[in-house]
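File shown: run_0.txt. Contents: compact mmCIF, C-alpha atoms.
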# COMPACT_ATOMS: atom_id res chain seq x y z
CA MET A 1 0.00 0.00 0.00
CA ARG A 2 1.28 3.46 -0.93
CA GLU A 3 1.07 6.17 1.70
CA LEU A 4 1.42 9.94 1.78
CA ARG A 5 1.68 11.55 5.21
CA ILE A 6 1.48 15.30 5.80
CA VAL A 7 2.74 16.43 9.21
CA TYR A 8 1.70 20.02 9.86
CA CYS A 9 1.73 22.63 12.63
CA GLN A 10 -1.85 23.08 13.75
CA PRO A 11 -1.24 26.05 16.12
CA CYS A 12 0.54 27.83 13.23
CA GLY A 13 -2.55 27.64 11.04
CA HIS A 14 -1.10 25.16 8.53
CA MET A 15 -4.12 22.84 8.66
CA ARG A 16 -5.91 24.51 5.73
CA ARG A 17 -2.83 24.14 3.52
CA ALA A 18 -2.45 20.48 4.56
CA LEU A 19 -6.12 19.82 3.74
CA GLN A 20 -5.86 21.54 0.35
CA LEU A 21 -2.77 19.52 -0.59
CA GLY A 22 -4.41 16.38 0.74
CA GLU A 23 -7.48 16.98 -1.41
CA GLU A 24 -5.36 17.45 -4.54
CA LEU A 25 -3.33 14.33 -3.81
CA LEU A 26 -6.44 12.25 -3.11
CA SER A 27 -8.00 13.49 -6.34
CA LYS A 28 -4.92 12.30 -8.23
CA TYR A 29 -4.10 9.04 -6.46
CA GLY A 30 -7.21 8.01 -4.53
CA TYR A 31 -8.94 6.61 -7.60
CA GLU A 32 -5.80 5.73 -9.56
CA LEU A 33 -4.43 3.52 -6.77
CA ASN A 34 -7.88 2.72 -5.37
CA LYS A 35 -7.55 0.72 -2.16
CA ASP A 36 -3.76 0.71 -2.34
CA PHE A 37 -3.41 4.38 -1.32
CA ARG A 38 -3.62 6.02 2.07
CA LEU A 39 -3.37 9.71 2.97
CA ALA A 40 -2.59 10.65 6.57
CA LEU A 41 -2.72 14.12 8.11
CA GLU A 42 -0.88 14.50 11.43
CA PRO A 43 -1.24 17.68 13.48
CA ARG A 44 1.86 18.77 15.41
CA ASP A 45 3.40 22.02 16.58
CA GLY A 46 6.74 23.78 16.25
CA GLY A 47 6.16 25.20 12.76
CA VAL A 48 6.53 21.83 11.04
CA PHE A 49 5.20 21.07 7.57
CA ASP A 50 6.76 17.84 6.33
CA VAL A 51 5.53 15.38 3.72
CA TYR A 52 6.47 11.71 3.67
CA ALA A 53 5.93 9.19 0.87
CA ASP A 54 6.01 5.59 2.03
CA GLY A 55 7.94 6.65 5.14
CA GLN A 56 10.56 8.71 3.28
CA LEU A 57 10.74 12.47 3.74
CA ILE A 58 10.04 14.08 0.36
CA PHE A 59 9.50 17.67 1.47
CA SER A 60 10.36 19.72 4.54
CA ARG A 61 9.30 23.33 4.98
CA GLY A 62 12.12 23.66 7.51
CA LYS A 63 14.71 22.71 4.88
CA GLU A 64 13.13 24.44 1.88
CA GLY A 65 11.91 27.60 3.62
CA ARG A 66 8.56 27.45 1.81
CA PHE A 67 5.47 25.31 1.41
CA PRO A 68 5.31 22.61 -1.28
CA GLU A 69 3.34 22.76 -4.49
CA ALA A 70 1.06 19.81 -5.22
CA LYS A 71 2.82 19.07 -8.53
CA GLU A 72 6.23 18.70 -6.89
CA LEU A 73 4.77 16.36 -4.27
CA MET A 74 3.16 14.26 -7.00
CA LYS A 75 6.47 14.03 -8.84
CA ALA A 76 8.36 13.05 -5.67
CA PHE A 77 5.64 10.51 -4.77
CA GLU A 78 5.88 8.90 -8.20
CA GLU A 79 9.70 8.81 -8.04
CA THR A 80 9.53 7.16 -4.62
CA GLY A 81 7.16 4.55 -6.04
CA ARG A 82 9.56 3.73 -8.87
CA ARG A 83 12.40 3.24 -6.39
CA LEU A 84 10.24 0.85 -4.37
CA ALA A 85 9.15 -1.18 -7.41

Translate this structure into structure tokens?
Amino acid sequence: MRELRIVYCQPCGHMRRALQLGEELLSKYGYELNKDFRLALEPRDGGVFDVYADGQLIFSRGKEGRFPEAKELMKAFEETGRRLA
């Protein structure tokens, strides 16, 4: 099963951004991968906004200094899937 996990800072107000990205990713992969796809949203604190694909960090706001775009997450998710295949 493929998994995307978005860890976001709830006190910082990042929940809306996490939900928007989650919706875009579900629209792309929810049907395509059907029952073999899971999206997890994990509220945290400390300013975090990290995205993991199958347990591997694919984006970190702390490292990049910005929020991710859905297209770059999709590309990283697909690349992670090819490495696992």

Give me the residues within 12 Å of Glu23 in chain A as a PyMOL selection string, counting only C-alpha atoms and dropping any in the same chain fewer than 3 places off. chain A and resi 4+6+16-20+26-30+39-41+70

Which residues, written as a PyMOL selection string, have at least one atom at most 6 Å from range 36-38 of chain A, with all atoms listed in the file counted and residues fewer than 6 positions away on the same chain left out? chain A and resi 1-3

Just C-alpha atoms for this one: save the residues we selected as an mmCIF file, in the coordinates of the input.
data_model
loop_
_atom_site.group_PDB
_atom_site.id
_atom_site.type_symbol
_atom_site.label_atom_id
_atom_site.label_comp_id
_atom_site.auth_asym_id
_atom_site.auth_seq_id
_atom_site.Cartn_x
_atom_site.Cartn_y
_atom_site.Cartn_z
ATOM 1 C CA MET A 1 0.000 0.000 0.000
ATOM 2 C CA ARG A 2 1.280 3.460 -0.930
ATOM 3 C CA GLU A 3 1.070 6.170 1.700
#

Local residues around (5.4, 20.0, -7.1), at most 12 Å away, using only C-alpha atoms, as number ranges by chain: A: 21, 24-25, 51, 58-59, 67-78

Atomic distance CA of Arg44 in chain A - CA of Cys12 in chain A, expressed in Å with one decimal: 9.4 Å

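You will find CA of Asp45 in chain A at 16.6 Å from CA of Arg66 in chain A.
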
Which of these residues is nearest to Asp54 in chain A, using all atoms listed in the file: A:Glu42, A:Thr80, A:Lys35, A:Pro11? A:Thr80

What separation in Å, quoted to one decimal, exists between CA of Gly65 in chain A and CA of Gly22 in chain A? 20.0 Å

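With only C-alpha atoms as the basis for measurement, A:Gln10 is the residue among A:Asn34, A:Glu79, A:Gln10, A:Lys63 that approaches Gly46 in chain A most closely.
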
Have a look at A:Tyr8, A:Glu32, A:Arg83, A:Gly13 and name the one nearest to Gln56 in chain A; count all atoms listed in the file.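 Closest to Gln56 in chain A, using all atoms listed in the file: A:Arg83.
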